[in-house]
$ cat input.cif   # mmCIF, C-alpha atoms and all ligand atoms
data_final
#
loop_
_atom_site.label_atom_id
_atom_site.label_comp_id
_atom_site.auth_asym_id
_atom_site.auth_seq_id
_atom_site.Cartn_x
_atom_site.Cartn_y
_atom_site.Cartn_z
CA MET M 1 81.36 134.22 181.72
CA ARG M 2 83.10 136.46 184.24
CA LYS M 3 80.97 138.01 186.94
CA LYS M 4 80.86 141.78 187.05
CA SER M 5 82.88 143.37 189.79
CA THR M 6 81.01 144.58 192.84
CA PRO M 7 81.96 147.97 194.29
CA PRO M 8 83.08 147.82 197.93
CA THR M 9 80.27 148.65 200.33
CA GLY M 10 80.80 149.66 203.95
CA ALA M 11 83.02 147.29 205.89
CA LYS M 12 82.58 144.55 203.28
CA ARG M 13 85.31 144.65 200.71
CA LYS M 14 84.48 142.33 197.86
CA LEU M 15 87.14 141.14 195.49
CA LYS M 16 87.02 143.97 192.97
CA THR M 17 87.91 142.04 189.85
CA LEU M 18 88.73 138.45 189.08
CA PRO M 19 91.93 137.97 187.08
CA SER M 20 91.08 137.34 183.42
CA GLU M 21 92.65 133.88 183.53
CA PHE M 22 90.55 132.83 186.56
CA GLU M 23 88.34 129.88 185.60
CA THR M 24 84.72 130.66 184.82
CA PHE M 25 81.74 128.98 186.47
CA GLU M 26 81.05 127.21 183.16
CA ASP M 27 84.64 125.84 183.06
CA ALA M 28 84.21 124.43 186.56
CA LYS M 29 80.83 122.89 185.66
CA THR M 30 82.28 121.26 182.56
CA LYS M 31 85.12 119.78 184.64
CA ARG M 32 82.60 118.42 187.14
CA THR M 33 80.46 116.80 184.42
CA GLN M 34 83.55 115.14 182.93
CA LEU M 35 84.63 113.90 186.34
CA ILE M 36 81.18 112.42 187.06
CA ARG M 37 81.30 110.58 183.72
CA ARG M 38 84.74 109.13 184.40
CA LEU M 39 83.92 108.11 187.96
CA THR M 40 80.76 106.35 186.75
CA LYS M 41 82.78 104.54 184.10
CA LEU M 42 85.38 103.43 186.67
CA ASP M 43 82.46 101.67 188.36
CA THR M 44 83.80 100.89 191.84
CA PRO M 45 81.64 101.39 194.98
CA VAL M 46 83.76 104.44 195.98
CA SER M 47 83.75 106.03 192.52
CA ARG M 48 79.99 105.49 192.12
CA ALA M 49 79.32 107.11 195.54
CA LEU M 50 81.48 110.14 194.65
CA ALA M 51 79.80 110.45 191.24
CA ARG M 52 76.40 110.53 192.98
CA GLU M 53 77.61 113.14 195.47
CA LEU M 54 78.93 115.39 192.70
CA ALA M 55 75.82 114.93 190.58
CA ALA M 56 73.69 116.15 193.50
CA CYS M 57 75.66 119.43 193.75
CA ARG M 58 73.13 122.24 193.08
CA LYS M 59 73.03 125.97 193.64
CA GLU M 60 70.66 125.55 196.58
CA SER M 61 72.61 122.65 198.11
CA ARG M 62 76.26 122.58 197.17
CA CYS M 63 78.10 119.30 197.84
CA GLY M 64 81.23 120.96 199.30
CA SER M 65 83.32 117.93 198.32
CA GLY M 66 87.08 118.45 198.14
CA ALA M 67 86.85 116.89 194.66
CA CYS M 68 84.13 119.22 193.29
CA PRO M 69 85.49 121.81 190.83
CA VAL M 70 82.41 124.04 191.24
CA CYS M 71 82.62 124.11 195.05
CA ASN M 72 86.38 124.57 194.91
CA ARG M 73 85.89 127.64 192.73
CA ALA M 74 83.41 129.07 195.27
CA PHE M 75 85.87 128.29 198.08
CA ARG M 76 88.68 130.12 196.29
CA ARG M 77 86.57 133.22 195.69
CA ARG M 78 85.43 133.25 199.31
CA LEU M 79 89.01 132.84 200.51
CA ALA M 80 90.27 135.71 198.35
CA SER M 81 87.49 138.09 199.40
CA GLU M 82 87.87 137.22 203.10
CA VAL M 83 91.65 137.66 202.97
CA GLN M 84 91.09 141.02 201.31
CA ARG M 85 88.56 142.01 203.99
CA VAL M 86 90.77 141.23 206.98
CA ARG M 87 94.27 141.83 205.70
CA PRO M 88 96.13 144.92 206.94
CA ALA M 89 95.69 148.05 204.83
CA ALA M 90 99.44 148.46 204.41
CA PHE M 91 101.80 145.52 204.05
CA GLU M 92 104.64 144.03 202.06
CA VAL M 93 104.45 140.58 200.55
CA ILE M 94 106.72 137.68 199.66
CA CYS M 95 105.70 134.79 197.43
CA ILE M 96 107.06 131.38 198.37
CA SER M 97 107.06 128.12 196.47
CA LEU M 98 108.44 125.04 198.20
CA ILE M 99 108.49 121.32 197.43
CA PRO M 100 109.08 119.69 200.83
CA GLU M 101 111.16 116.55 201.03
CA SER M 102 108.14 114.81 202.57
CA GLY M 103 105.90 115.85 199.66
CA ARG M 104 106.55 112.83 197.43
CA VAL M 105 103.88 110.12 197.31
CA GLU M 106 104.04 107.15 194.95
CA VAL M 107 101.24 106.73 192.42
CA PHE M 108 98.29 104.73 193.86
CA ASP M 109 99.65 105.30 197.39
CA LEU M 110 97.41 108.31 198.01
CA PRO M 111 94.95 106.29 200.15
CA ALA M 112 97.73 105.80 202.73
CA PHE M 113 98.72 109.49 202.77
CA ASP M 114 97.24 111.59 205.59
CA LEU M 115 96.76 115.08 204.16
CA GLN M 116 95.58 116.57 207.44
CA LEU M 117 98.59 115.32 209.36
CA TRP M 118 100.98 116.50 206.66
CA VAL M 119 99.37 119.94 206.46
CA SER M 120 99.59 120.41 210.26
CA SER M 121 103.24 119.36 210.35
CA ARG M 122 104.12 121.69 207.43
CA ARG M 123 102.18 124.51 209.13
CA ARG M 124 104.25 124.07 212.29
CA ALA M 125 107.45 123.99 210.23
CA LEU M 126 106.51 127.19 208.36
CA GLN M 127 105.58 128.91 211.61
CA ARG M 128 109.03 128.15 213.00
CA ALA M 129 110.72 129.32 209.80
CA LEU M 130 108.93 132.64 209.26
CA PRO M 131 109.45 135.87 211.23
CA SER M 132 107.08 136.04 214.24
CA GLU M 133 105.25 139.09 212.82
CA ALA M 134 104.47 137.33 209.51
CA LEU M 135 100.99 136.39 208.32
CA LEU M 136 100.70 133.51 205.86
CA VAL M 137 98.15 132.36 203.29
CA CYS M 138 99.47 129.19 201.68
CA GLY M 139 97.94 126.34 199.74
CA VAL M 140 98.94 122.79 198.94
CA ASP M 141 99.14 122.17 195.22
CA ILE M 142 99.30 118.57 194.01
CA SER M 143 100.87 117.56 190.73
CA PHE M 144 101.58 114.30 188.94
CA ASN M 145 105.31 114.47 188.18
CA THR M 146 107.31 112.48 185.68
CA PHE M 147 110.83 112.68 184.29
CA GLU M 148 111.31 111.60 180.66
CA ASN M 149 107.97 109.83 181.01
CA GLY M 150 109.34 107.70 183.88
CA ASP M 151 109.43 107.93 187.67
CA PRO M 152 105.75 108.91 188.04
CA HIS M 153 104.77 110.19 191.49
CA TRP M 154 102.53 112.68 193.24
CA CYS M 155 104.17 115.88 194.40
CA PHE M 156 102.67 117.90 197.27
CA HIS M 157 103.90 121.43 196.84
CA LEU M 158 103.48 124.53 199.05
CA TYR M 159 102.62 127.79 197.32
CA GLY M 160 101.65 130.95 199.16
CA PHE M 161 102.15 134.47 200.39
CA VAL M 162 103.87 135.89 203.45
CA LEU M 163 102.56 139.28 204.58
CA LEU M 164 104.93 141.53 206.50
CA PRO M 165 104.56 145.02 207.97
CA LYS M 166 105.15 147.99 205.69
CA GLY M 167 108.79 148.98 205.92
CA TRP M 168 109.97 145.41 206.67
CA GLY M 169 112.06 145.46 203.52
CA VAL M 170 111.06 142.65 201.15
CA GLN M 171 113.29 144.21 198.48
CA ASN M 172 116.31 143.65 200.70
CA ARG M 173 118.10 140.62 199.25
CA SER M 174 119.87 139.62 202.44
CA LYS M 175 116.52 139.56 204.29
CA LEU M 176 115.03 137.31 201.63
CA ARG M 177 118.11 135.08 201.83
CA ARG M 178 117.57 134.77 205.59
CA ILE M 179 113.95 133.69 205.09
CA ARG M 180 115.09 131.23 202.47
CA ALA M 181 117.73 129.77 204.81
CA GLU M 182 115.17 129.39 207.62
CA LEU M 183 112.76 127.63 205.25
CA GLU M 184 115.54 125.28 204.16
CA ARG M 185 116.35 124.49 207.78
CA ARG M 186 112.83 124.21 209.23
CA CYS M 187 110.79 122.91 206.29
CA PRO M 188 113.43 121.06 204.24
CA PRO M 189 112.86 121.00 200.47
CA VAL M 190 113.81 118.01 198.29
CA PRO M 191 117.58 117.58 198.85
CA LYS M 192 120.08 118.32 196.05
CA HIS M 193 120.91 114.70 195.22
CA ARG M 194 117.23 113.92 194.60
CA ARG M 195 116.50 116.95 192.39
CA ILE M 196 116.03 116.49 188.70
CA GLY M 197 118.17 118.86 186.60
CA ALA M 198 117.40 122.50 187.28
CA GLU M 199 114.28 121.66 189.28
CA LYS M 200 113.37 124.62 191.49
CA VAL M 201 112.34 123.23 194.86
CA LEU M 202 112.37 126.52 196.76
CA THR M 203 111.78 130.05 195.50
CA VAL M 204 111.33 133.15 197.64
CA GLY M 205 110.59 136.49 195.97
CA ALA M 206 109.00 139.88 196.65
CA LEU M 207 105.58 140.57 195.14
CA ASP M 208 104.04 144.00 194.56
CA SER M 209 101.36 144.27 197.26
CA GLU M 210 99.05 145.82 194.64
CA ASN M 211 98.86 142.39 192.99
CA PHE M 212 98.22 140.43 196.17
CA ASP M 213 94.40 140.41 196.23
CA GLY M 214 94.17 138.73 192.83
CA ALA M 215 97.21 136.52 193.34
CA VAL M 216 95.84 134.99 196.54
CA LEU M 217 93.29 133.06 194.43
CA TYR M 218 96.23 130.96 193.26
CA ALA M 219 97.28 129.94 196.75
CA HIS M 220 94.48 127.37 196.40
CA LYS M 221 94.62 125.88 192.92
CA GLY M 222 91.58 124.99 190.89
CA GLY M 223 93.18 122.42 188.63
CA PHE M 224 95.82 119.72 188.87
CA TYR M 225 98.45 119.01 186.25
CA ARG M 226 101.03 116.55 185.18
CA ARG M 227 104.46 118.21 185.34
CA SER M 228 106.38 116.36 182.71
CA ARG M 229 110.08 117.15 183.07
CA TYR M 230 112.46 116.36 180.25
CA ALA M 231 116.16 116.88 179.51
CA TYR M 232 117.42 118.98 176.59
CA THR M 233 120.61 120.65 175.40
CA ARG M 234 120.71 124.45 175.52
CA LYS M 235 121.31 125.87 172.03
CA ASN M 236 123.44 128.83 173.14
CA THR M 237 125.68 127.08 175.68
CA GLY M 238 125.46 123.42 174.69
CA LYS M 239 124.77 122.59 178.34
CA ARG M 240 122.32 119.88 179.36
CA SER M 241 119.31 121.22 181.21
CA THR M 242 115.73 120.23 182.04
CA ASN M 243 112.40 121.83 181.35
CA VAL M 244 108.80 121.19 182.37
CA LYS M 245 105.79 120.76 180.15
CA PRO M 246 102.40 120.96 181.88
CA GLN M 247 100.02 118.26 180.64
CA ALA M 248 96.80 116.64 181.80
CA VAL M 249 97.06 114.10 184.62
CA PRO M 250 96.61 110.53 183.23
CA ARG M 251 92.98 109.52 183.56
CA LEU M 252 93.27 106.78 186.18
CA ALA M 253 95.61 108.86 188.32
CA ALA M 254 93.23 111.85 188.08
CA LEU M 255 90.47 109.63 189.45
CA GLU M 256 92.75 108.46 192.26
CA LEU M 257 93.35 112.12 193.13
CA SER M 258 89.65 113.02 193.07
CA ILE M 259 88.76 110.11 195.35
CA PHE M 260 91.59 111.16 197.67
CA LEU M 261 90.48 114.82 197.76
CA ALA M 262 86.87 113.82 198.42
CA ARG M 263 88.00 112.41 201.79
CA TYR M 264 88.78 115.93 203.01
CA ARG M 265 86.72 119.06 203.55
CA LEU M 266 87.33 121.93 201.15
CA GLY M 267 89.94 124.07 202.82
CA SER M 268 92.04 121.13 204.06
CA ARG M 269 94.72 122.15 201.57
CA LEU M 270 95.00 125.58 203.12
CA ILE M 271 97.64 126.73 205.61
CA LEU M 272 96.95 129.96 207.48
CA ILE M 273 99.21 131.66 210.00
CA GLY M 274 97.91 134.72 211.85
CA PHE M 275 94.38 134.24 210.48
CA ARG M 276 91.65 132.08 211.97
CA ARG M 277 88.78 130.57 210.00
CA HIS M 278 85.26 130.61 211.46
CA GLY M 279 82.32 128.63 210.17
CA SER M 280 82.39 125.24 208.53
CA ARG M 281 80.70 126.23 205.25
CA PHE M 282 83.26 126.30 202.46
CA ASP M 283 81.52 129.24 200.75
CA ARG M 284 80.38 131.24 203.78
CA PHE M 285 83.24 131.04 206.28
CA THR M 286 84.79 134.17 207.68
CA LEU M 287 88.39 134.93 208.54
CA ARG M 288 89.66 136.87 211.52
CA ARG M 289 93.12 138.31 211.82
CA GLU M 290 94.68 137.11 215.04
CA ARG M 291 97.20 139.87 215.52
CA ASP M 292 98.14 143.37 214.49
CA PHE M 293 101.17 144.25 212.50
CA GLN M 294 103.93 145.77 214.63
CA SER M 295 104.98 148.62 212.45
CA SER M 296 102.02 149.37 210.19
CA GLN M 297 100.92 152.99 210.58
CA ASN M 298 97.64 152.89 208.72
CA ASP M 299 96.26 149.55 209.76
CA GLY M 300 92.68 148.94 208.54
ZN ZN C 1 79.97 120.75 194.62
#
$ encode --input "input.cif" --output "structure tokens"
Amino acid sequence: MRKKSTPPTGAKRKLKTLPSEFETFEDAKTKRTQLIRRLTKLDTPVSRALARELAACRKESRCGSGACPVCNRAFRRRLASEVQRVRPAAFEVICISLIPESGRVEVFDLPAFDLQLWVSSRRRALQRALPSEALLVCGVDISFNTFENGDPHWCFHLYGFVLLPKGWGVQNRSKLRRIRAELERRCPPVPKHRRIGAEKVLTVGALDSENFDGAVLYAHKGGFYRRSRYAYTRKNTGKRSTNVKPQAVPRLAALELSIFLARYRLGSRLILIGFRRHGSRFDRFTLRRERDFQSSQNDG
């Protein structure tokens, strides 16, 4: 069931409404119960320990595990309401989606992948690529990718929002092209020869700032999918192309991912530029904006 919206009071701006497709608390609980069952069945020392940790997650003492769907949902809501509280009153926004070249990890190699190190290096790369006045809220999405049911691998994918001062001109195509070129240079996406068909490895587009507060929930995903890419022939042109079908991650791989995520604190998949996070609690942290916008006239 969706929670009722809370009217903004004083300095505290709560997220006014949750998008209708945002997962419910019950959805998250169901996912957690299923995960506990599968981890118990896997029956390794690590999976049993994680199952116990998740089973002990209660309202009065949340587990805060990076693998817990219930805690992740609370983290996402906190993130969205904090971003809304500290963001500038007037801004323009660009949505970016980028699959970095370094974001491919072979299946069952997750234990050797250092998420923290990767996130810090991608943060530095994004900071170099974006205009100095930009603020960024970006998350790391992880998917299990296949092509024609072969070549299975994990794909670490950046998805987020760049906030720029009002009047910056996000509708200006040449400005967007410049940002795109800088991203290609500083945070290289999967190179052409390794792309599969029409795979989009970098998209940069303007977003209506009115939609930002709800959209920011999706910078930190709540679920992980298998992106199953397949080739087909276009009916109208006869050209070969590829498409993606989202499916559930295979069971054993999903457990590998949960065990991997449990090694990190909730929030480790988040990249912030121009915002600082205070407090270690995943559901009570606060954000502070580190700098003002240069050209905003009505900065809240
Ligand atoms: Zn939990």
$ atom_distance --input "input.cif" --atom1 "CA of Glu101 in chain M" --atom2 "CA of Pro189 in chain M"
4.8 Å
$ closest_residue --input "input.cif" --among "M:Ala80, M:Leu18, M:Cys155, M:Ala55" --to "ligand ZN 1 (chain C)" --atoms "all atoms listed in the file"
M:Ala55
$ residues_near_ligand --input "input.cif" --ligand "ligand ZN 1 (chain C)" --cutoff "7 Å" --atoms "only C-alpha atoms and all ligand atoms" --output "ChimeraX atom specification"
/M:54,57,62-65,68-71
$ residues_around --input "input.cif" --residues "Leu135 in chain M" --least-positions-apart "2" --cutoff "7 Å" --atoms "all atoms listed in the file" --output "ChimeraX atom specification"
/M:133,162-164,273-274
$ closest_residue --input "input.cif" --among "M:Gln127, M:Thr17, M:Ser258, M:Thr233" --to "Lys31 in chain M" --atoms "only C-alpha atoms"
M:Ser258
$ atom_distance --input "input.cif" --atom1 "CA of Lys245 in chain M" --atom2 "CA of Phe224 in chain M"
13.3 Å
